[in-house]
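What follows is the content of start24.txt, which has compact mmCIF, C-alpha atoms:
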# COMPACT_ATOMS: atom_id res chain seq x y z
CA MET A 29 0.00 0.00 0.00
CA GLY A 30 2.79 2.40 0.78
CA VAL A 31 5.90 3.25 2.74
CA GLU A 32 5.36 4.97 6.08
CA ILE A 33 8.05 7.41 7.22
CA GLU A 34 7.45 8.61 10.74
CA ARG A 35 9.50 10.34 13.44
CA LYS A 36 8.56 10.27 17.11
CA PHE A 37 9.36 12.72 19.92
CA LEU A 38 8.73 13.30 23.60
CA LEU A 39 6.97 16.53 24.64
CA ALA A 40 8.83 19.42 26.29
CA GLY A 41 5.66 21.08 27.61
CA ASP A 42 1.92 21.48 27.31
CA GLY A 43 2.04 24.34 24.77
CA TRP A 44 0.55 22.07 22.09
CA ARG A 45 -2.78 21.73 23.93
CA ALA A 46 -4.00 25.19 22.89
CA ALA A 47 -3.50 24.24 19.22
CA VAL A 48 -5.43 20.93 19.18
CA GLU A 49 -7.76 20.81 16.15
CA ARG A 50 -9.41 17.48 16.90
CA THR A 51 -9.10 14.60 19.37
CA GLN A 52 -9.91 10.96 18.65
CA ALA A 53 -10.10 8.11 21.20
CA MET A 54 -8.35 4.93 20.04
CA ALA A 55 -8.07 1.35 21.34
CA GLN A 56 -5.72 -1.05 19.66
CA GLY A 57 -4.06 -4.44 19.99
CA TYR A 58 -1.75 -6.77 18.06
CA LEU A 59 -2.46 -10.21 16.60
CA ASN A 60 1.22 -11.01 16.08
CA ASP A 61 3.78 -12.33 18.51
CA LEU A 62 4.92 -9.24 20.45
CA ASP A 63 8.63 -10.09 20.14
CA VAL A 64 8.40 -9.37 16.39
CA LEU A 65 10.91 -6.52 16.75
CA ALA A 66 13.39 -8.67 18.67
CA GLY A 67 14.42 -10.48 15.50
CA GLY A 68 12.15 -13.53 15.72
CA GLY A 69 10.78 -15.26 12.64
CA GLN A 70 7.99 -12.78 11.91
CA LYS A 71 8.48 -9.89 9.51
CA ALA A 72 5.37 -7.82 10.22
CA SER A 73 3.07 -6.52 12.95
CA ILE A 74 -0.69 -6.92 12.56
CA ARG A 75 -2.67 -4.26 14.42
CA VAL A 76 -6.42 -4.02 15.13
CA ARG A 77 -7.61 -0.48 15.94
CA ILE A 78 -11.01 0.97 16.82
CA GLU A 79 -11.24 4.76 16.51
CA GLY A 80 -14.73 6.08 17.22
CA GLU A 81 -17.17 4.47 14.77
CA ALA A 82 -14.42 3.17 12.47
CA ALA A 83 -12.02 0.24 12.70
CA PHE A 84 -8.92 -0.78 10.78
CA LEU A 85 -6.62 -3.71 10.28
CA ASN A 86 -3.05 -2.51 9.78
CA ILE A 87 0.05 -4.42 8.71
CA LYS A 88 3.54 -2.95 8.99
CA SER A 89 6.88 -4.46 8.12
CA ALA A 90 8.81 -4.99 11.34
CA GLN A 91 12.14 -3.23 10.96
CA ALA A 92 12.88 -0.56 13.59
CA GLY A 93 13.48 3.06 12.58
CA PRO A 94 11.58 5.72 10.63
CA SER A 95 10.64 3.90 7.40
CA ARG A 96 8.30 0.92 7.12
CA LEU A 97 6.05 -0.73 4.53
CA GLU A 98 2.43 -0.20 5.63
CA PHE A 99 -1.00 -1.56 4.66
CA ASP A 100 -4.26 -0.32 6.19
CA TYR A 101 -7.72 -1.78 5.59
CA PRO A 102 -11.10 -0.73 7.05
CA VAL A 103 -13.02 -3.53 8.78
CA PRO A 104 -16.45 -3.59 10.48
CA VAL A 105 -16.26 -2.34 14.10
CA GLU A 106 -18.06 -5.50 15.28
CA ASP A 107 -15.32 -7.63 13.65
CA ALA A 108 -12.68 -5.44 15.29
CA ARG A 109 -14.19 -6.01 18.72
CA GLN A 110 -13.88 -9.78 18.23
CA LEU A 111 -10.39 -9.41 16.75
CA LEU A 112 -9.24 -7.43 19.82
CA ASP A 113 -10.11 -10.55 21.86
CA LEU A 114 -7.63 -12.51 19.72
CA CYS A 115 -4.83 -10.02 20.40
CA VAL A 116 -1.69 -10.80 22.38
CA GLY A 117 -0.79 -8.75 25.48
CA GLY A 118 -2.73 -5.73 26.72
CA LEU A 119 -4.84 -3.30 24.75
CA VAL A 120 -3.29 0.12 24.18
CA ARG A 121 -5.75 2.98 24.77
CA LYS A 122 -5.02 6.61 23.96
CA GLN A 123 -6.43 9.97 22.98
CA ARG A 124 -4.90 11.12 19.71
CA HIS A 125 -4.74 14.92 19.36
CA TYR A 126 -4.17 16.49 15.94
CA VAL A 127 -2.06 19.67 15.93
CA ARG A 128 -1.02 21.61 12.81
CA HIS A 129 2.35 23.38 12.89
CA GLY A 130 4.40 24.87 10.05
CA GLY A 131 2.52 23.00 7.32
CA HIS A 132 2.72 19.59 9.00
CA LEU A 133 0.05 17.71 10.92
CA TRP A 134 1.33 16.36 14.25
CA GLU A 135 -0.33 13.44 15.99
CA ILE A 136 0.08 13.72 19.75
CA ASP A 137 -0.81 10.49 21.55
CA GLU A 138 -1.80 10.82 25.18
CA PHE A 139 -1.91 7.27 26.53
CA GLU A 140 -4.35 5.92 29.11
CA GLY A 141 -4.69 2.89 31.40
CA GLU A 142 -1.42 1.01 31.95
CA ASN A 143 0.35 3.59 29.78
CA ALA A 144 -1.07 6.71 31.48
CA GLY A 145 1.54 9.45 31.84
CA LEU A 146 3.15 8.80 28.47
CA VAL A 147 2.67 11.44 25.76
CA VAL A 148 4.45 11.29 22.38
CA ALA A 149 4.28 13.39 19.22
CA GLU A 150 4.55 11.84 15.76
CA ILE A 151 5.07 13.44 12.39
CA GLU A 152 4.62 11.65 9.07
CA LEU A 153 7.13 12.67 6.38
CA ASP A 154 7.57 12.08 2.65
CA ALA A 155 11.29 11.36 3.02
CA VAL A 156 13.52 10.30 5.92
CA ASP A 157 15.50 13.56 5.65
CA GLU A 158 12.54 15.89 5.01
CA ALA A 159 12.89 19.17 6.93
CA PHE A 160 10.09 20.37 9.21
CA ALA A 161 9.45 23.35 11.48
CA CYS A 162 10.25 22.41 15.06
CA PRO A 163 7.56 23.57 17.53
CA ASP A 164 8.80 24.82 20.91
CA TRP A 165 6.87 22.09 22.75
CA LEU A 166 8.90 19.34 21.05
CA GLY A 167 11.26 17.26 23.23
CA ALA A 168 13.83 14.53 22.56
CA GLU A 169 13.50 12.27 19.54
CA VAL A 170 12.69 8.61 20.35
CA THR A 171 12.11 7.24 16.83
CA GLU A 172 14.75 4.55 17.26
CA LEU A 173 13.73 3.47 20.78
CA ARG A 174 11.61 0.33 20.50
CA ARG A 175 9.94 0.63 23.91
CA TYR A 176 7.98 3.61 22.55
CA TYR A 177 6.40 1.51 19.79
CA ASN A 178 2.71 0.95 20.51
CA LEU A 179 3.49 -2.73 19.91
CA ALA A 180 6.02 -2.64 22.75
CA LEU A 181 3.54 -0.79 24.99
CA ALA A 182 1.08 -3.70 24.57
CA ASP A 183 3.76 -6.00 25.97
CA ARG A 184 5.46 -3.82 28.57
CA PRO A 185 3.41 -0.71 29.43
CA TYR A 186 4.77 2.63 30.66
CA SER A 187 3.75 1.79 34.26
CA GLN A 188 6.52 -0.85 34.26
CA TRP A 189 9.29 1.44 32.99
CA SER A 190 12.25 2.57 35.11
CA GLU A 191 12.87 6.27 35.87
CA ALA A 192 15.74 6.31 33.36
CA GLU A 193 13.51 4.81 30.68
CA ARG A 194 10.81 7.40 31.35
CA ALA A 195 13.37 10.18 30.98
CA GLY A 196 13.87 9.08 27.38
CA ALA A 197 17.33 7.64 27.99
CA ASP A 198 18.60 5.08 25.52
CA ALA A 199 18.18 2.29 28.10
CA MET B 285 -17.25 -12.39 10.87
CA GLY B 286 -18.28 -15.98 11.49
CA VAL B 287 -17.47 -19.43 12.80
CA GLU B 288 -15.89 -21.84 10.35
CA ILE B 289 -16.66 -25.55 10.79
CA GLU B 290 -14.58 -27.69 8.48
CA ARG B 291 -13.64 -31.38 8.26
CA LYS B 292 -10.66 -32.63 6.30
CA PHE B 293 -10.00 -36.03 4.69
CA LEU B 294 -7.42 -37.86 2.63
CA LEU B 295 -8.45 -39.23 -0.77
CA ALA B 296 -9.03 -42.96 -1.40
CA GLY B 297 -8.78 -42.68 -5.18
CA ASP B 298 -9.04 -40.46 -8.23
CA GLY B 299 -12.79 -40.91 -8.74
CA TRP B 300 -13.42 -37.26 -7.86
CA ARG B 301 -11.54 -35.94 -10.90
CA ALA B 302 -14.39 -36.72 -13.29
CA ALA B 303 -16.73 -34.57 -11.14
CA VAL B 304 -14.62 -31.39 -10.90
CA GLU B 305 -16.79 -28.33 -11.64
CA ARG B 306 -14.05 -25.71 -11.45
CA THR B 307 -10.36 -25.45 -10.54
CA GLN B 308 -8.65 -22.41 -9.02
CA ALA B 309 -4.90 -21.90 -8.55
CA MET B 310 -3.98 -20.50 -5.11
CA ALA B 311 -0.79 -19.22 -3.47
CA GLN B 312 -0.80 -18.38 0.21
CA GLY B 313 1.44 -17.58 3.14
CA TYR B 314 1.21 -16.61 6.82
CA LEU B 315 2.23 -13.38 8.55
CA ASN B 316 2.06 -14.93 12.03
CA ASP B 317 4.62 -16.97 13.88
CA LEU B 318 4.17 -20.52 12.51
CA ASP B 319 4.19 -22.14 15.95
CA VAL B 320 0.83 -20.48 16.67
CA LEU B 321 -0.82 -23.91 17.04
CA ALA B 322 1.85 -25.17 19.44
CA GLY B 323 0.42 -23.10 22.28
CA GLY B 324 2.62 -19.99 22.00
CA GLY B 325 1.32 -16.54 22.90
CA GLN B 326 -0.58 -15.88 19.67
CA LYS B 327 -4.28 -16.65 19.38
CA ALA B 328 -4.78 -16.33 15.62
CA SER B 329 -3.27 -17.09 12.22
CA ILE B 330 -3.09 -14.35 9.60
CA ARG B 331 -3.13 -15.67 6.03
CA VAL B 332 -2.50 -13.87 2.73
CA ARG B 333 -3.95 -15.65 -0.33
CA ILE B 334 -3.93 -14.86 -4.03
CA GLU B 335 -6.48 -16.80 -6.09
CA GLY B 336 -6.51 -15.81 -9.73
CA GLU B 337 -7.31 -12.09 -9.99
CA ALA B 338 -8.49 -11.83 -6.37
CA ALA B 339 -6.67 -11.68 -3.04
CA PHE B 340 -7.75 -12.00 0.58
CA LEU B 341 -6.49 -11.42 4.07
CA ASN B 342 -7.84 -14.08 6.41
CA ILE B 343 -7.70 -14.31 10.19
CA LYS B 344 -8.61 -17.48 12.07
CA SER B 345 -8.58 -18.20 15.78
CA ALA B 346 -5.85 -20.72 16.45
CA GLN B 347 -7.44 -23.64 18.29
CA ALA B 348 -7.07 -27.03 16.56
CA GLY B 349 -10.13 -29.05 15.49
CA PRO B 350 -13.16 -28.46 13.26
CA SER B 351 -14.53 -25.13 14.59
CA ARG B 352 -12.77 -21.75 14.42
CA LEU B 353 -13.64 -18.06 14.40
CA GLU B 354 -12.87 -16.71 10.92
CA PHE B 355 -12.58 -13.28 9.28
CA ASP B 356 -11.93 -12.79 5.56
CA TYR B 357 -11.27 -9.47 3.80
CA PRO B 358 -10.57 -8.75 0.11
CA VAL B 359 -7.36 -6.80 -0.55
CA PRO B 360 -5.76 -5.52 -3.79
CA VAL B 361 -3.71 -8.25 -5.52
CA GLU B 362 -0.73 -5.89 -5.70
CA ASP B 363 -0.86 -5.46 -1.90
CA ALA B 364 -1.10 -9.24 -1.51
CA ARG B 365 2.06 -9.75 -3.57
CA GLN B 366 3.97 -7.43 -1.20
CA LEU B 367 2.35 -9.04 1.85
CA LEU B 368 3.47 -12.50 0.68
CA ASP B 369 7.05 -11.18 0.92
CA LEU B 370 6.42 -10.44 4.61
CA CYS B 371 5.22 -14.00 5.29
CA VAL B 372 7.07 -16.49 7.48
CA GLY B 373 8.19 -19.85 6.07
CA GLY B 374 7.44 -21.10 2.57
CA LEU B 375 4.53 -20.21 0.31
CA VAL B 376 1.88 -22.90 -0.06
CA ARG B 377 0.76 -23.37 -3.67
CA LYS B 378 -2.13 -25.57 -4.74
CA GLN B 379 -4.86 -26.20 -7.26
CA ARG B 380 -8.26 -26.16 -5.55
CA HIS B 381 -10.84 -28.35 -7.29
CA TYR B 382 -14.54 -27.87 -6.51
CA VAL B 383 -16.64 -31.06 -6.52
CA ARG B 384 -20.34 -31.26 -5.65
CA HIS B 385 -21.60 -34.44 -3.97
CA GLY B 386 -24.89 -35.13 -2.18
CA GLY B 387 -25.76 -31.46 -1.73
CA HIS B 388 -22.37 -30.41 -0.38
CA LEU B 389 -19.52 -28.64 -2.14
CA TRP B 390 -16.16 -30.32 -1.56
CA GLU B 391 -12.88 -28.45 -1.93
CA ILE B 392 -10.14 -30.80 -3.04
CA ASP B 393 -6.68 -29.25 -2.65
CA GLU B 394 -3.94 -30.71 -4.82
CA PHE B 395 -0.71 -29.22 -3.52
CA GLU B 396 2.31 -28.21 -5.61
CA GLY B 397 5.98 -27.37 -5.07
CA GLU B 398 7.36 -28.58 -1.73
CA ASN B 399 3.95 -30.09 -0.93
CA ALA B 400 3.48 -31.95 -4.25
CA GLY B 401 1.92 -35.37 -3.76
CA LEU B 402 -0.44 -34.25 -1.02
CA VAL B 403 -4.17 -34.14 -1.85
CA VAL B 404 -6.84 -33.41 0.78
CA ALA B 405 -10.61 -32.94 0.62
CA GLU B 406 -12.42 -30.41 2.80
CA ILE B 407 -16.09 -29.94 3.53
CA GLU B 408 -17.58 -26.91 5.25
CA LEU B 409 -20.49 -27.70 7.58
CA ASP B 410 -23.08 -25.69 9.49
CA ALA B 411 -22.60 -27.75 12.67
CA VAL B 412 -19.81 -29.99 13.98
CA ASP B 413 -22.13 -33.03 13.92
CA GLU B 414 -23.88 -32.26 10.61
CA ALA B 415 -24.39 -35.41 8.51
CA PHE B 416 -23.15 -35.56 4.91
CA ALA B 417 -23.15 -38.08 2.08
CA CYS B 418 -19.78 -39.88 1.98
CA PRO B 419 -18.38 -40.15 -1.56
CA ASP B 420 -16.57 -43.42 -2.42
CA TRP B 421 -13.31 -41.53 -3.11
CA LEU B 422 -13.11 -40.28 0.49
CA GLY B 423 -10.27 -41.61 2.69
CA ALA B 424 -9.29 -41.25 6.36
CA GLU B 425 -10.28 -38.13 8.30
CA VAL B 426 -7.35 -35.87 9.31
CA THR B 427 -9.25 -32.89 10.76
CA GLU B 428 -7.43 -33.16 14.08
CA LEU B 429 -3.92 -33.67 12.65
CA ARG B 430 -2.08 -30.37 12.72
CA ARG B 431 0.53 -31.25 10.10
CA TYR B 432 -2.25 -31.12 7.48
CA TYR B 433 -3.04 -27.49 8.28
CA ASN B 434 -1.89 -25.22 5.45
CA LEU B 435 -0.16 -23.21 8.18
CA ALA B 436 1.86 -26.29 9.14
CA LEU B 437 2.66 -27.01 5.47
CA ALA B 438 4.27 -23.54 5.22
CA ASP B 439 6.61 -24.56 8.04
CA ARG B 440 7.22 -28.25 7.33
CA PRO B 441 6.11 -29.24 3.83
CA TYR B 442 4.94 -32.70 2.72
CA SER B 443 8.36 -33.41 1.13
CA GLN B 444 9.80 -33.56 4.68
CA TRP B 445 7.21 -35.99 6.08
CA SER B 446 8.01 -39.59 7.08
CA GLU B 447 6.31 -42.54 5.36
CA ALA B 448 4.12 -43.07 8.45
CA GLU B 449 3.05 -39.42 8.40
CA ARG B 450 2.18 -39.62 4.71
CA ALA B 451 0.02 -42.70 5.38
CA GLY B 452 -2.16 -40.48 7.59
CA ALA B 453 -1.02 -42.13 10.83
CA ASP B 454 -1.46 -40.09 14.01
CA ALA B 455 2.31 -39.53 14.21
Could you write out this file's structure as structure tokens?
Amino acid sequence: MGVEIERKFLLAGDGWRAAVERTQAMAQGYLNDLDVLAGGGQKASIRVRIEGEAAFLNIKSAQAGPSRLEFDYPVPVEDARQLLDLCVGGLVRKQRHYVRHGGHLWEIDEFEGENAGLVVAEIELDAVDEAFACPDWLGAEVTELRRYYNLALADRPYSQWSEAERAGADA
Amino acid sequence: MGVEIERKFLLAGDGWRAAVERTQAMAQGYLNDLDVLAGGGQKASIRVRIEGEAAFLNIKSAQAGPSRLEFDYPVPVEDARQLLDLCVGGLVRKQRHYVRHGGHLWEIDEFEGENAGLVVAEIELDAVDEAFACPDWLGAEVTELRRYYNLALADRPYSQWSEAERAGADA
């Protein structure tokens, strides 16, 4: 379907809240073995997501880093509810806030439940080295840190992280 | 989407060939870890299949036996080609022959490539104990034998089976 290029950052403050255009509640889980990023046999993650009255099945190639092959298909919400029961690990729940800055649309995920306290900002780019305006609420980049993957949060939620891990250290 | 109830048999002869209504070439692979049936963490298989000019993404709950929860979604063939590259293990290729007998439609899968030599007949039923007319070309039932699952054939193809396994023994 396409190649997804995405960079992920921590937040340096709450300045983004005043610029939120829209907020969407999301619940998602993974059908694949959660050690897919640890170099097991699998080459893709398979995600089930319900967002409001819509639901999607999403497949991404499993390499770490900013660029991945991605496929996204709408499915009936009732199917998605049953599929979430077939998922491995915990469900990841979040509020996704959309914030426009300097011509780009940022997705700011404010996690809930076992991942409450974690907030990350994502930007989708057309090229790995594409320039973008850096808002003053943007913190350290964590694109390469696997524990920030939603997939990893289903396995080991933020509530189980050490202080060093929460600080964004490369632990 | 629904519950699939399916029974699977070996073939006792070639008598079915004269009754084939239609034959469809299929190539399929699995995105999930192939030990899903061995009691690992995963609860579902995720299959990609191309059949002629159509392609489907299929998700089945992973318990062994005749009854499983099943979801099937059409996807673009070009997507399916890329998804097959993300599959684990070998691709399973087969000719599926459709044969009508006593009011039921049988699917007779004649495997190719690494699984050449294996032929199995499947019947889809509305209930686990539903009666059906038994054609004289039907051999031993193998519904409960995991090595006959297409998923298992992607991991350990028929060419690697022992003589006892090929005879349909519960090995």
Distance in Å - atom CA of A:Leu97 versus atom CA of B:Gly313: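 Straight-line distance from atom CA of A:Leu97 to atom CA of B:Gly313 works out to 17.5 Å.
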For chain B, work out the contacting residues on chain A at 12 Å, counting only C-alpha atoms, and write them as a tab-separated table (two decimals) with C-alpha atoms, in the frame of the given file.
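Generated output (iface04.tsv):
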chain	number	residue	atom	x	y	z
A	29	MET	CA	0.00	0.00	0.00
A	30	GLY	CA	2.79	2.40	0.78
A	31	VAL	CA	5.90	3.25	2.74
A	57	GLY	CA	-4.06	-4.44	19.99
A	58	TYR	CA	-1.75	-6.77	18.06
A	59	LEU	CA	-2.46	-10.21	16.60
A	60	ASN	CA	1.22	-11.01	16.08
A	61	ASP	CA	3.78	-12.33	18.51
A	62	LEU	CA	4.92	-9.24	20.45
A	63	ASP	CA	8.63	-10.09	20.14
A	64	VAL	CA	8.40	-9.37	16.39
A	67	GLY	CA	14.42	-10.48	15.50
A	68	GLY	CA	12.15	-13.53	15.72
A	69	GLY	CA	10.78	-15.26	12.64
A	70	GLN	CA	7.99	-12.78	11.91
A	71	LYS	CA	8.48	-9.89	9.51
A	72	ALA	CA	5.37	-7.82	10.22
A	73	SER	CA	3.07	-6.52	12.95
A	74	ILE	CA	-0.69	-6.92	12.56
A	75	ARG	CA	-2.67	-4.26	14.42
A	76	VAL	CA	-6.42	-4.02	15.13
A	84	PHE	CA	-8.92	-0.78	10.78
A	85	LEU	CA	-6.62	-3.71	10.28
A	86	ASN	CA	-3.05	-2.51	9.78
A	87	ILE	CA	0.05	-4.42	8.71
A	88	LYS	CA	3.54	-2.95	8.99
A	89	SER	CA	6.88	-4.46	8.12
A	90	ALA	CA	8.81	-4.99	11.34
A	91	GLN	CA	12.14	-3.23	10.96
A	96	ARG	CA	8.30	0.92	7.12
A	97	LEU	CA	6.05	-0.73	4.53
A	98	GLU	CA	2.43	-0.20	5.63
A	99	PHE	CA	-1.00	-1.56	4.66
A	100	ASP	CA	-4.26	-0.32	6.19
A	101	TYR	CA	-7.72	-1.78	5.59
A	102	PRO	CA	-11.10	-0.73	7.05
A	103	VAL	CA	-13.02	-3.53	8.78
A	104	PRO	CA	-16.45	-3.59	10.48
A	105	VAL	CA	-16.26	-2.34	14.10
A	106	GLU	CA	-18.06	-5.50	15.28
A	107	ASP	CA	-15.32	-7.63	13.65
A	108	ALA	CA	-12.68	-5.44	15.29
A	109	ARG	CA	-14.19	-6.01	18.72
A	110	GLN	CA	-13.88	-9.78	18.23
A	111	LEU	CA	-10.39	-9.41	16.75
A	112	LEU	CA	-9.24	-7.43	19.82
A	113	ASP	CA	-10.11	-10.55	21.86
A	114	LEU	CA	-7.63	-12.51	19.72
A	115	CYS	CA	-4.83	-10.02	20.40
A	116	VAL	CA	-1.69	-10.80	22.38
A	117	GLY	CA	-0.79	-8.75	25.48
A	183	ASP	CA	3.76	-6.00	25.97
Residues within 7 Å of (-15.5, -24.4, 10.9), counting only C-alpha atoms, listed as a PyMOL selection string: chain B and resi 287-290+350-352+408-409
Protein, DNA and RNA residues within 9 Å of (-5.1, -43.2, -0.5), all atoms listed in the file, as number ranges by chain: B: 294-297, 421-424, 451
Interatomic distance (Å, one decimal) between atom CA of A:Glu140 and atom CA of A:Pro163: 24.2 Å
Point-to-point distance from atom CA of A:Ala161 to atom CA of A:Arg174, Å rounded to tenths: 24.8 Å
